[in-house]
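Student: This structure is in structure tokens; I'll ask about it shortly.
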Amino acid sequence: MKLTNILVPLAGTAIDPDVIEYAIALGRAHKAKITAVHVIEVKWNMPLDAVLDAELERGEEVLALAEKVAEKLGSHISTEVLQAREAAPAIVDTAVEQHSELILLGMPYRKRLGRVYVGRTVEEVYVKAPCAVLAYRQEEPK
Amino acid sequence: MSDDGVTPEDPQRPSHVPERFERTPGRRIGDQRVKIVRRRGFRRGRGVIVATEESLESAGFGGRAISAVREIMFGKRIPTERESEERLTKITGLAIFASDNISSSAYATEETMRALALAGAAGLAFTMPLTVAIIAILAIVVTSYLQVIKAYPNGGGSYVVASRNLGMIPGLLAAAALLVDYVLTVSVSVAGGVLAITTAFPGVDPIKVWVGVGFIALLTIGNLRGIREAGVVFAGPTYFYVASMAIVLAIGFYRLITGDAPAPVPPPQAVQANEALGIFLVLRAFSSGSVGLSGTEAVANGVPAFREPSARNASIVLIAMGTLFGTLFFGISFLATRFGIQVDATETKSVVGLLTQSIVGQGALFYVVQAATAIILVLAANTSFSGFPRLASILATDRFMPRQFAQRGDRLAYSFGILVLAAVSAVLLVVYQGSVNGLIPLYTIGVFIAFTLSQAGLVRHWLRERGPGWRFSTSINALGAVVTGVVTLVVAYTKFLLGAWLVLAIVPLLIYGMWRVRRHYQMIEDELLIPRATQVHLAVRKPRLIVPIARLDRSSLNTLGLARAICADVAAVHISYDEEGAAAFRERWARVVGPDLPLEVIVSPYRALVAPLLSYLDAIDDGDQSRPVIIALAEFVPSHWWENALHNQTALRLKLALFSRKNTSVIDVPFHPEDEDAPH
């Protein structure tokens, strides 16, 4: 599969640098454009375009870290901050808009009721995205 | 919202928010999302807006071209947060900070022998005793500076140590002496490097000054690229010199031990013995050879430039530097005296060059060693390029030097200090026509003044602190202070008439200059100081706004519109050269602007513009200059830079004239030809 655009949603977890590193490794051979995106979920009792300074600052911090990781690896990535009611549809719609062939999702290793917890966003993107989706799960902590 | 469902900008958002919000529909109803578009050049930080590199990039072709050239020459800009990554390892630190000291081994023997040769063979017999004495002093100085690093792990240059412990004047004395010494290091090192080249290629001699200036330019560019990159670039040649000299010395010792001592290669013209051997001559030779101790203080000055643990790394580098210099200096002096190398009176062949030629012949290794010597001598100047700007920045932070010295450039280097050092040392090199022998007498004295003051300062420090092992530390530094103090007196005495007087004259002038700079900043601070927060009065008297109008056009209407928007008391002033012109302007004003805005027309029969306007402002002040006056100047901005020559720059002349007028503010209202929003 030829990769020209890879979308990497970042939530600001510990796995973010690994995901970016992996995306760069995947995209390098294809000279793919990598876009890191952070979605701020806006509560229903607020307007969608409410000014959420703290969340926006955190989002920019997450993306700045991703840019630094890319820079260290000698690559450049584009970054984008979005506000939406739910992260998954915003990720899928952005992937469609950008003609991304791949969405690379990071999954921190979490357990609920004795099973690995995938998370609502990852699950929904997996189900609804028209393009390929790859989930990069964090290794089990030793 | 527009037809495509995108609202380009939300009018509800506060105007200071730097992002633009674009609402985009989703594939399903309710899946709308808002894309937050950053303004060019800015992004959010924690509670702040951070200017990105994009904000520094020029939009125009000329600006982009200059940026591209600058990036090729000096590299990409480095953000402050990456400062720790720009620190030096022990390997690069040794190359940067020790190149001056290690390179001294290339001429310390020669300088000692040049003085002793004036007394013939009897004089040259003192070469080895003096070499051993200088190495012993080096050991004391290195041990003392290890104490400096221990006491001031955040960078304890002689200035810091002396000023904290002995007071402002001793501190400034140490700083001035070091600044002079750093400049001389560049000139002497580069002149020495060029001498090594002329030894191998005598044809270069006529242009040696300009070759030296070229080397200074290259060093300047290298250092403007930042200290880490300079370290990486210059590390190779430093180790190359050490390795090549070690090979030559090893071969020399081998031939000596095996009884195959070579015949010395004679210089073009040996220094003739014409003086009797006396204590003064021996002392002069000692002070000339002491040049080898220069650069010892650089490591202690630059501790913060090392990677963590910086104090430990700096100490290791200092010990390595002393060991390398001592070994090379001893080896060169020993073999030069054993093989009977003579000093060249014409200064075209160096002692190291002649020694190498004697040991290995004029083969490839000879040229390799000459090249290595030339490079290390030039790179010795690099120590100054890291020491001078760093010291100048500390002085600027303490307000003893202009603030520009404390500002870091695009690559985190103290660019202003680097440029000043390059300029002054290049001038010195030209004035002395690139002569090492002419420059050496100026050298050394500054280093020993700084050595003495820092050691004395540390004695005071240990006596005051009285921490664990203070007795040992005090005795080490006291010994260092006494020894280096004696050497300072010897150097000053023996080299005074040879040129050291110049340094001794410049140092007090520099101290006076630094004191005046400090007084100026102190005065400014006193003027600008807010006495108490409760006494702050932000309210000032309401200003009057004057708009000088040369011609009634879109540019001046644009300015009048802005003036009306920001101030209630606005008046326009037009200066006409004759009454007819004045009447015509009034008539046009009445037609275009109307009676709402007062207009004053001044007839200037002597065709002057600026002076009548200033007189008019004085007149309306009526002696009361406490009411602020704002002058709004309409300024036409041409599309191309060269079109400026087609305009008479009246606004610029007015700005310059109004700059020093009390209570007067000037607003520039630029008008761009393509400005569609301006009034028609």
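Following the order of the structure tokens, first chain is A, next is B, and so on, with residues numbered from 1 inside each chain and ligands from 1 in the order they appear.
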What residues in chain A lie within 7 Å of chain B, counting only C-alpha atoms, written as a list in words?
Tutor: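 Residues of chain A within 7 Å of chain B, counting only C-alpha atoms: Asp49, Glu57, Glu60, Glu61, Val81, Leu82, Gln83, Ala84, Pro89, Ala90 and Asp93 of chain A.
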Student: I'd like the neighbourhood of Ser158 (chain B) as a PyMOL selection string, where a residue qualifies if any of its atoms comes within 8 Å (using only C-alpha atoms), though same-chain residues fewer than 3 positions away should be ignored.
Tutor: chain B and resi 161-162+171+174-175+297+301+450-451+453-454
Student: May I have the selected residues written with C-alpha atoms, as a PDB file, in the first residue's frame?
Tutor:
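Saved the output as again.pdb:
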ATOM      1  CA  VAL B 161      36.289  35.345  41.885  1.00  0.00           C
ATOM      2  CA  ALA B 162      38.062  38.695  42.260  1.00  0.00           C
ATOM      3  CA  GLY B 171      37.303  42.406  39.730  1.00  0.00           C
ATOM      4  CA  ALA B 174      40.976  41.022  36.313  1.00  0.00           C
ATOM      5  CA  ALA B 175      38.235  41.448  33.697  1.00  0.00           C
ATOM      6  CA  GLU B 297      41.989  30.084  32.965  1.00  0.00           C
ATOM      7  CA  ASN B 301      35.718  30.529  33.072  1.00  0.00           C
ATOM      8  CA  ALA B 450      44.057  37.657  36.190  1.00  0.00           C
ATOM      9  CA  PHE B 451      45.782  34.561  37.645  1.00  0.00           C
ATOM     10  CA  LEU B 453      43.756  38.229  41.382  1.00  0.00           C
ATOM     11  CA  SER B 454      41.701  35.061  41.152  1.00  0.00           C
TER      12      SER B 454
END
Student: Applying 12 Å and only C-alpha atoms, which residues near region 115-132 of chain A remain after dropping the ones on its own chain fewer than 3 positions away? List them as a ChimeraX atom specification.
Tutor: /A:1-3,5-11,39,41,85-112,135-140 /B:27-28
Student: Residues as selected, N, CA and C atoms, written as a compact mmCIF listing (two decimals), in the first residue's frame, can you do that?
Tutor:
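So the final result, stored in result-v2.txt, reads:
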# COMPACT_ATOMS: atom_id res chain seq x y z
N MET A 1 0.85 -1.21 0.00
CA MET A 1 0.00 0.00 0.00
C MET A 1 0.88 1.25 0.00
N LYS A 2 0.57 2.14 -0.90
CA LYS A 2 1.34 3.39 -0.97
C LYS A 2 0.77 4.36 0.08
N LEU A 3 1.63 4.86 0.92
CA LEU A 3 1.17 5.80 1.94
C LEU A 3 1.59 7.21 1.57
N ASN A 5 -0.42 10.00 3.02
CA ASN A 5 -0.84 10.77 4.20
C ASN A 5 -1.12 9.84 5.37
N ILE A 6 -0.49 10.12 6.50
CA ILE A 6 -0.75 9.32 7.71
C ILE A 6 -1.29 10.27 8.78
N LEU A 7 -2.38 9.91 9.37
CA LEU A 7 -2.94 10.73 10.44
C LEU A 7 -2.65 10.07 11.78
N VAL A 8 -2.09 10.86 12.70
CA VAL A 8 -1.73 10.31 14.01
C VAL A 8 -2.45 11.10 15.11
N PRO A 9 -3.56 10.58 15.61
CA PRO A 9 -4.23 11.27 16.72
C PRO A 9 -3.43 11.09 18.01
N LEU A 10 -3.24 12.18 18.74
CA LEU A 10 -2.47 12.12 19.98
C LEU A 10 -3.32 12.64 21.13
N ALA A 11 -3.32 11.88 22.21
CA ALA A 11 -4.16 12.28 23.35
C ALA A 11 -3.34 12.84 24.49
N VAL A 39 -7.51 16.23 19.56
CA VAL A 39 -8.92 16.66 19.59
C VAL A 39 -9.31 17.02 21.03
N GLU A 41 -12.27 17.52 23.37
CA GLU A 41 -13.70 17.17 23.43
C GLU A 41 -14.43 18.25 24.23
N ARG A 85 -17.35 17.42 19.64
CA ARG A 85 -18.10 16.84 20.76
C ARG A 85 -17.48 15.50 21.16
N GLU A 86 -17.08 14.74 20.15
CA GLU A 86 -16.44 13.45 20.41
C GLU A 86 -15.21 13.34 19.50
N ALA A 87 -14.17 12.72 20.02
CA ALA A 87 -12.90 12.68 19.28
C ALA A 87 -12.98 11.80 18.03
N ALA A 88 -13.62 10.62 18.16
CA ALA A 88 -13.57 9.64 17.07
C ALA A 88 -14.12 10.18 15.74
N PRO A 89 -15.34 10.75 15.70
CA PRO A 89 -15.83 11.27 14.41
C PRO A 89 -14.92 12.36 13.84
N ALA A 90 -14.38 13.19 14.72
CA ALA A 90 -13.50 14.27 14.25
C ALA A 90 -12.23 13.69 13.61
N ILE A 91 -11.72 12.61 14.21
CA ILE A 91 -10.52 11.96 13.65
C ILE A 91 -10.84 11.35 12.29
N VAL A 92 -11.94 10.64 12.24
CA VAL A 92 -12.32 9.97 10.99
C VAL A 92 -12.58 11.01 9.89
N ASP A 93 -13.32 12.06 10.23
CA ASP A 93 -13.63 13.10 9.23
C ASP A 93 -12.36 13.80 8.75
N THR A 94 -11.45 14.02 9.65
CA THR A 94 -10.20 14.67 9.25
C THR A 94 -9.41 13.75 8.32
N ALA A 95 -9.41 12.47 8.63
CA ALA A 95 -8.70 11.51 7.77
C ALA A 95 -9.30 11.50 6.37
N VAL A 96 -10.61 11.57 6.31
CA VAL A 96 -11.30 11.59 5.01
C VAL A 96 -10.92 12.86 4.26
N GLU A 97 -10.99 13.98 4.97
CA GLU A 97 -10.69 15.29 4.35
C GLU A 97 -9.25 15.35 3.83
N GLN A 98 -8.36 14.74 4.57
CA GLN A 98 -6.94 14.79 4.17
C GLN A 98 -6.53 13.63 3.26
N HIS A 99 -7.47 12.81 2.89
CA HIS A 99 -7.20 11.63 2.05
C HIS A 99 -6.11 10.76 2.67
N SER A 100 -6.19 10.58 3.98
CA SER A 100 -5.21 9.74 4.66
C SER A 100 -5.44 8.28 4.32
N GLU A 101 -4.38 7.55 4.05
CA GLU A 101 -4.51 6.11 3.79
C GLU A 101 -4.43 5.32 5.09
N LEU A 102 -3.90 5.99 6.14
CA LEU A 102 -3.71 5.26 7.40
C LEU A 102 -3.93 6.18 8.59
N ILE A 103 -4.65 5.65 9.57
CA ILE A 103 -4.74 6.33 10.87
C ILE A 103 -3.95 5.46 11.85
N LEU A 104 -2.97 6.07 12.49
CA LEU A 104 -2.15 5.32 13.44
C LEU A 104 -2.50 5.78 14.85
N LEU A 105 -3.14 4.89 15.59
CA LEU A 105 -3.61 5.26 16.93
C LEU A 105 -2.72 4.68 18.01
N GLY A 106 -2.51 5.45 19.05
CA GLY A 106 -1.75 4.96 20.19
C GLY A 106 -2.70 4.46 21.26
N MET A 107 -2.37 3.33 21.85
CA MET A 107 -3.22 2.75 22.90
C MET A 107 -2.38 2.51 24.14
N PRO A 108 -2.56 3.33 25.15
CA PRO A 108 -1.83 3.05 26.38
C PRO A 108 -2.30 1.72 26.97
N TYR A 109 -1.39 1.00 27.60
CA TYR A 109 -1.78 -0.30 28.17
C TYR A 109 -2.61 -0.06 29.42
N ARG A 110 -3.91 -0.36 29.30
CA ARG A 110 -4.81 -0.20 30.45
C ARG A 110 -5.66 -1.45 30.59
N LYS A 111 -6.01 -1.75 31.80
CA LYS A 111 -6.84 -2.94 32.02
C LYS A 111 -8.10 -2.56 32.76
N ARG A 112 -9.21 -3.17 32.33
CA ARG A 112 -10.47 -3.00 33.07
C ARG A 112 -11.11 -4.37 33.20
N ALA A 135 -3.51 0.20 15.31
CA ALA A 135 -3.44 0.60 16.72
C ALA A 135 -2.10 0.14 17.28
N TYR A 136 -1.39 1.04 17.85
CA TYR A 136 -0.07 0.75 18.42
C TYR A 136 -0.26 0.65 19.92
N ARG A 137 -0.34 -0.57 20.42
CA ARG A 137 -0.60 -0.72 21.85
C ARG A 137 0.70 -0.71 22.63
N GLN A 138 0.65 0.02 23.72
CA GLN A 138 1.83 0.08 24.59
C GLN A 138 2.14 -1.31 25.14
N GLU A 139 3.41 -1.63 25.28
CA GLU A 139 3.74 -2.97 25.79
C GLU A 139 3.36 -3.05 27.27
N GLU A 140 3.12 -4.25 27.69
CA GLU A 140 2.68 -4.46 29.07
C GLU A 140 3.78 -4.05 30.03
N ARG B 27 -19.41 14.23 8.58
CA ARG B 27 -20.17 13.42 7.62
C ARG B 27 -21.58 13.17 8.13
N ARG B 28 -21.74 13.28 9.45
CA ARG B 28 -23.08 13.10 10.02
C ARG B 28 -23.48 14.37 10.74
Student: What are the DSSP strand (DSSP E or B) residues of region 20-113 of chain A, as a list of chain:residue names?
Tutor: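 Listing strand (DSSP E or B) positions across region 20-113 of chain A yields A:Lys33, A:Ile34, A:Thr35, A:Ala36, A:Val37, A:His38, A:Val39, A:Ile40, A:Glu41, A:Ser78, A:Thr79, A:Glu80, A:Val81, A:Leu82, A:Gln83, A:Ala84, A:Leu102, A:Ile103, A:Leu104, A:Leu105, A:Gly106, A:Met107, A:Lys111, A:Arg112.
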Student: Put those residues in a file: C-alpha atoms, as an mmCIF file, in the first residue's frame.
Tutor:
data_model
loop_
_atom_site.group_PDB
_atom_site.id
_atom_site.type_symbol
_atom_site.label_atom_id
_atom_site.label_comp_id
_atom_site.auth_asym_id
_atom_site.auth_seq_id
_atom_site.Cartn_x
_atom_site.Cartn_y
_atom_site.Cartn_z
ATOM 1 C CA LYS A 33 3.044 13.452 5.003
ATOM 2 C CA ILE A 34 2.406 12.881 8.688
ATOM 3 C CA THR A 35 -0.206 14.928 10.484
ATOM 4 C CA ALA A 36 -0.511 14.750 14.249
ATOM 5 C CA VAL A 37 -3.905 15.796 15.518
ATOM 6 C CA HIS A 38 -5.182 16.499 19.004
ATOM 7 C CA VAL A 39 -8.917 16.657 19.590
ATOM 8 C CA ILE A 40 -10.372 18.670 22.457
ATOM 9 C CA GLU A 41 -13.696 17.172 23.431
ATOM 10 C CA SER A 78 2.200 18.857 10.519
ATOM 11 C CA THR A 79 0.040 19.433 13.551
ATOM 12 C CA GLU A 80 -3.567 20.360 14.059
ATOM 13 C CA VAL A 81 -5.826 21.052 17.033
ATOM 14 C CA LEU A 82 -9.536 20.354 16.733
ATOM 15 C CA GLN A 83 -12.549 20.916 18.959
ATOM 16 C CA ALA A 84 -15.406 18.437 18.660
ATOM 17 C CA LEU A 102 -3.712 5.264 7.396
ATOM 18 C CA ILE A 103 -4.736 6.328 10.869
ATOM 19 C CA LEU A 104 -2.154 5.317 13.443
ATOM 20 C CA LEU A 105 -3.613 5.259 16.929
ATOM 21 C CA GLY A 106 -1.753 4.959 20.192
ATOM 22 C CA MET A 107 -3.218 2.748 22.898
ATOM 23 C CA LYS A 111 -6.836 -2.939 32.016
ATOM 24 C CA ARG A 112 -10.473 -3.001 33.068
#
Student: Have a look at B:Val211, B:Ile375, B:Leu224, B:Leu646 and name the one nearest to Ile78 (chain B); count only C-alpha atoms.
Tutor: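 Once distances to Ile78 (chain B) are computed over only C-alpha atoms, the minimum belongs to B:Leu224.
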Student: Within 10 Å of region 186-188 of chain B, counting only C-alpha atoms, which residues qualify if same-chain residues fewer than 4 places away don't, as a VMD selection string?
Tutor: chain B and resid 100 181 to 182 192 to 194 212 to 213 215 to 216 219 377 to 385 421 to 422 424 to 430 432 434 to 440 442 to 443
Student: Filtering to N, CA and C atoms, could you give me those residues as a tab-separated table (two decimals), in the first residue's frame?
Tutor:
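Saved the output as selection.tsv:
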chain	number	residue	atom	x	y	z
B	100	ASP	N	44.07	26.86	23.05
B	100	ASP	CA	45.00	27.97	23.28
B	100	ASP	C	46.21	27.48	24.06
B	181	ASP	N	43.81	40.23	27.08
B	181	ASP	CA	44.53	39.00	26.78
B	181	ASP	C	43.81	38.15	25.74
B	182	TYR	N	42.48	38.12	25.82
B	182	TYR	CA	41.73	37.34	24.83
B	182	TYR	C	41.94	37.90	23.43
B	192	GLY	N	50.94	33.30	14.72
B	192	GLY	CA	51.74	32.08	14.88
B	192	GLY	C	51.38	31.03	13.84
B	193	GLY	N	50.08	30.90	13.57
B	193	GLY	CA	49.61	29.94	12.57
B	193	GLY	C	50.13	30.29	11.19
B	194	VAL	N	50.10	31.58	10.89
B	194	VAL	CA	50.58	32.04	9.58
B	194	VAL	C	52.10	31.82	9.49
B	212	GLY	N	46.09	35.97	7.69
B	212	GLY	CA	45.69	36.00	9.10
B	212	GLY	C	44.29	36.55	9.28
B	213	VAL	N	44.00	37.66	8.59
B	213	VAL	CA	42.66	38.26	8.68
B	213	VAL	C	41.60	37.27	8.17
B	215	PHE	N	41.80	34.03	8.33
B	215	PHE	CA	41.61	33.01	9.38
B	215	PHE	C	40.67	33.53	10.47
B	216	ILE	N	40.85	34.80	10.84
B	216	ILE	CA	39.97	35.38	11.88
B	216	ILE	C	38.52	35.36	11.39
B	219	LEU	N	37.18	31.86	11.71
B	219	LEU	CA	36.89	31.53	13.11
B	219	LEU	C	35.61	32.22	13.58
B	377	LEU	N	47.49	26.51	15.83
B	377	LEU	CA	47.78	27.89	16.24
B	377	LEU	C	46.62	28.81	15.91
B	378	VAL	N	46.07	28.59	14.74
B	378	VAL	CA	44.91	29.42	14.37
B	378	VAL	C	43.74	29.10	15.29
B	379	LEU	N	43.54	27.80	15.56
B	379	LEU	CA	42.41	27.39	16.39
B	379	LEU	C	42.58	27.75	17.85
B	380	ALA	N	43.83	28.03	18.25
B	380	ALA	CA	44.06	28.48	19.63
B	380	ALA	C	43.23	29.73	19.89
B	381	ALA	N	43.07	30.50	18.84
B	381	ALA	CA	42.27	31.72	18.94
B	381	ALA	C	40.84	31.38	19.32
B	382	ASN	N	40.46	30.14	19.04
B	382	ASN	CA	39.09	29.73	19.32
B	382	ASN	C	38.77	29.78	20.81
B	383	THR	N	39.78	29.54	21.63
B	383	THR	CA	39.57	29.63	23.08
B	383	THR	C	39.08	31.03	23.44
B	384	SER	N	39.69	32.02	22.81
B	384	SER	CA	39.26	33.41	23.06
B	384	SER	C	37.85	33.64	22.55
B	385	PHE	N	37.52	32.99	21.43
B	385	PHE	CA	36.18	33.19	20.87
B	385	PHE	C	35.10	32.60	21.77
B	421	LEU	N	35.34	40.97	19.17
B	421	LEU	CA	36.65	40.33	19.33
B	421	LEU	C	37.34	40.18	17.97
B	422	ALA	N	36.58	39.74	16.98
B	422	ALA	CA	37.16	39.54	15.65
B	422	ALA	C	37.68	40.86	15.08
B	424	VAL	N	38.56	43.74	16.65
B	424	VAL	CA	39.70	44.33	17.37
B	424	VAL	C	40.97	43.51	17.10
B	425	SER	N	40.86	42.19	17.13
B	425	SER	CA	42.07	41.38	16.92
B	425	SER	C	42.58	41.49	15.49
B	426	ALA	N	41.67	41.65	14.53
B	426	ALA	CA	42.09	41.81	13.14
B	426	ALA	C	42.84	43.14	12.97
B	427	VAL	N	42.34	44.19	13.62
B	427	VAL	CA	43.02	45.50	13.55
B	427	VAL	C	44.43	45.38	14.13
B	428	LEU	N	44.53	44.69	15.26
B	428	LEU	CA	45.83	44.51	15.92
B	428	LEU	C	46.80	43.75	15.02
B	429	LEU	N	46.27	42.75	14.36
B	429	LEU	CA	47.10	41.93	13.47
B	429	LEU	C	47.64	42.78	12.31
B	430	VAL	N	46.79	43.64	11.79
B	430	VAL	CA	47.20	44.51	10.67
B	430	VAL	C	48.23	45.52	11.16
B	432	TYR	N	50.32	45.34	13.64
B	432	TYR	CA	51.62	44.71	13.92
B	432	TYR	C	52.13	43.88	12.74
B	434	GLY	N	51.28	41.28	11.39
B	434	GLY	CA	51.29	39.82	11.57
B	434	GLY	C	52.54	39.27	12.21
B	435	SER	N	53.30	40.09	12.96
B	435	SER	CA	54.55	39.62	13.58
B	435	SER	C	54.29	39.02	14.96
B	436	VAL	N	54.64	37.75	15.12
B	436	VAL	CA	54.45	37.08	16.42
B	436	VAL	C	55.34	37.75	17.45
B	437	ASN	N	56.60	38.02	17.05
B	437	ASN	CA	57.56	38.59	17.98
B	437	ASN	C	57.14	39.99	18.43
B	438	GLY	N	56.48	40.70	17.53
B	438	GLY	CA	56.01	42.05	17.89
B	438	GLY	C	54.83	42.01	18.85
B	439	LEU	N	54.03	40.96	18.73
B	439	LEU	CA	52.81	40.88	19.55
B	439	LEU	C	53.05	40.22	20.91
B	440	ILE	N	54.04	39.31	20.95
B	440	ILE	CA	54.26	38.54	22.18
B	440	ILE	C	54.50	39.41	23.41
B	442	LEU	N	53.22	42.05	24.26
B	442	LEU	CA	51.95	42.59	24.78
B	442	LEU	C	51.19	41.51	25.56
B	443	TYR	N	51.55	40.31	25.23
B	443	TYR	CA	50.83	39.14	25.68
B	443	TYR	C	51.29	38.77	27.09
Student: From the set B:Val517, B:Ala139, B:Val637, B:Ile251, which residue has the shortest atom-to-atom contact distance to Arg403 (chain B), counting only C-alpha atoms?
Tutor: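 Smallest separation from Arg403 (chain B) among the options: B:Val517.
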Student: In Å, rounded to a single decimal, give me how far CA of Ile135 (chain B) is from CA of Thr296 (chain B).
Tutor: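 So the two atoms, CA of Thr296 (chain B) and CA of Ile135 (chain B), lie 12.1 Å apart.
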Student: Got a sec: who's within 10 Å of Tyr107 (chain B), counting only C-alpha atoms, leaving out chain neighbours fewer than 5 positions off, as number ranges by chain?
Tutor: B: 112-113, 189, 192, 288-289, 291-292, 329, 332, 350-352, 373, 377, 436
Student: Keeping N, CA and C atoms for every residue in the selection just given, could you write it to a file as a PDB file, in the first residue's frame?
Tutor:
ATOM      1  N   THR B 112      61.257  31.356  24.540  1.00  0.00           N
ATOM      2  CA  THR B 112      62.286  31.263  25.581  1.00  0.00           C
ATOM      3  C   THR B 112      63.671  31.319  24.934  1.00  0.00           C
ATOM      4  N   MET B 113      63.824  30.504  23.891  1.00  0.00           N
ATOM      5  CA  MET B 113      65.140  30.411  23.241  1.00  0.00           C
ATOM      6  C   MET B 113      65.518  31.705  22.520  1.00  0.00           C
ATOM      7  N   SER B 189      47.894  34.032  18.150  1.00  0.00           N
ATOM      8  CA  SER B 189      47.696  32.667  17.653  1.00  0.00           C
ATOM      9  C   SER B 189      47.617  32.649  16.132  1.00  0.00           C
ATOM     10  N   GLY B 192      50.937  33.295  14.717  1.00  0.00           N
ATOM     11  CA  GLY B 192      51.744  32.080  14.879  1.00  0.00           C
ATOM     12  C   GLY B 192      51.377  31.034  13.837  1.00  0.00           C
ATOM     13  N   SER B 288      58.943  35.401  28.555  1.00  0.00           N
ATOM     14  CA  SER B 288      58.520  35.081  27.187  1.00  0.00           C
ATOM     15  C   SER B 288      57.981  33.653  27.118  1.00  0.00           C
ATOM     16  N   GLY B 289      58.648  32.743  27.800  1.00  0.00           N
ATOM     17  CA  GLY B 289      58.207  31.341  27.793  1.00  0.00           C
ATOM     18  C   GLY B 289      56.913  31.144  28.556  1.00  0.00           C
ATOM     19  N   VAL B 291      54.367  32.550  28.252  1.00  0.00           N
ATOM     20  CA  VAL B 291      53.249  32.688  27.327  1.00  0.00           C
ATOM     21  C   VAL B 291      52.508  31.346  27.215  1.00  0.00           C
ATOM     22  N   GLY B 292      53.250  30.276  27.512  1.00  0.00           N
ATOM     23  CA  GLY B 292      52.652  28.952  27.430  1.00  0.00           C
ATOM     24  C   GLY B 292      51.556  28.719  28.448  1.00  0.00           C
ATOM     25  N   PHE B 329      55.535  20.599  25.696  1.00  0.00           N
ATOM     26  CA  PHE B 329      56.488  21.694  25.935  1.00  0.00           C
ATOM     27  C   PHE B 329      57.837  21.123  26.382  1.00  0.00           C
ATOM     28  N   ILE B 332      59.532  19.239  23.358  1.00  0.00           N
ATOM     29  CA  ILE B 332      60.063  20.133  22.315  1.00  0.00           C
ATOM     30  C   ILE B 332      61.327  20.840  22.834  1.00  0.00           C
ATOM     31  N   SER B 350      60.067  28.371  12.159  1.00  0.00           N
ATOM     32  CA  SER B 350      59.859  28.236  13.604  1.00  0.00           C
ATOM     33  C   SER B 350      60.772  27.156  14.180  1.00  0.00           C
ATOM     34  N   VAL B 351      60.982  27.201  15.485  1.00  0.00           N
ATOM     35  CA  VAL B 351      61.810  26.191  16.149  1.00  0.00           C
ATOM     36  C   VAL B 351      61.176  24.804  15.989  1.00  0.00           C
ATOM     37  N   VAL B 352      59.844  24.744  16.152  1.00  0.00           N
ATOM     38  CA  VAL B 352      59.156  23.458  15.992  1.00  0.00           C
ATOM     39  C   VAL B 352      59.340  22.942  14.562  1.00  0.00           C
ATOM     40  N   THR B 373      50.416  22.223  12.985  1.00  0.00           N
ATOM     41  CA  THR B 373      50.815  23.358  13.822  1.00  0.00           C
ATOM     42  C   THR B 373      50.085  24.625  13.390  1.00  0.00           C
ATOM     43  N   LEU B 377      47.486  26.511  15.827  1.00  0.00           N
ATOM     44  CA  LEU B 377      47.782  27.886  16.241  1.00  0.00           C
ATOM     45  C   LEU B 377      46.618  28.810  15.907  1.00  0.00           C
ATOM     46  N   VAL B 436      54.643  37.748  15.120  1.00  0.00           N
ATOM     47  CA  VAL B 436      54.454  37.078  16.415  1.00  0.00           C
ATOM     48  C   VAL B 436      55.341  37.754  17.454  1.00  0.00           C
TER      49      VAL B 436
END
Student: Which of these, B:Ala176, B:Val487, B:Leu412, B:Ala371, has the shortest distance to Trp515 (chain B) once you count only C-alpha atoms?
Tutor: B:Ala176
Student: Just the number, please: distance in Å from CA of Gly513 (chain B) to CA of Leu293 (chain B), one decimal.
Tutor: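 Spanning CA of Gly513 (chain B) to CA of Leu293 (chain B) is a straight-line distance of 27.9 Å.
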Student: Could you give me the residues within region 71-173 of chain B that DSSP places in alpha helix (DSSP H), as number ranges by chain?
Tutor: B: 71-74, 90-103, 108-116, 120-124, 127-151, 158-165, 168-173
Student: Which residue, A:Ala50, A:Thr4, A:Leu113, A:Val62, has the smallest gap to Leu26 (chain A) when you use only C-alpha atoms?
Tutor: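 The shortest atom-to-atom distance to Leu26 (chain A) comes from A:Thr4.
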Student: Env of Ser290 (chain B): 12 Å cut, atoms = only C-alpha atoms, seq-sep filter 6 positions within chain, self excluded. Answer as an MDAnalysis selection string.
Tutor: chainID B and resid 101 104:105 107:112 130:138 141 283:284 296 329 440:441 443:448 484 487:488 490:491
Student: Record the distance separating CA of His647 (chain B) and CA of Ala634 (chain B), expressed in Å with one decimal.
Tutor: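 Rounded to one decimal, the two atoms are 13.1 Å apart.
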Student: I'd like the neighbourhood of Leu335 (chain B) as a VMD selection string, where a residue qualifies if any of its atoms comes within 9 Å (using only C-alpha atoms), though same-chain residues fewer than 5 positions away should be ignored.
Tutor: chain B and resid 249 252 to 253 256 330 340 to 341 355
Student: Nearest to Ser358 (chain B): which of B:Val190, B:Val482, B:Ala261, B:Leu614 is it, counting only C-alpha atoms?
Tutor: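 For Ser358 (chain B), the nearest of the given residues is B:Ala261.
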Student: Which one is closest to Phe366 (chain B): B:Pro389, B:Val271, B:Ala320, B:Val248? Count only C-alpha atoms.
Tutor: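 Among the listed residues, B:Val248 lies closest to Phe366 (chain B).
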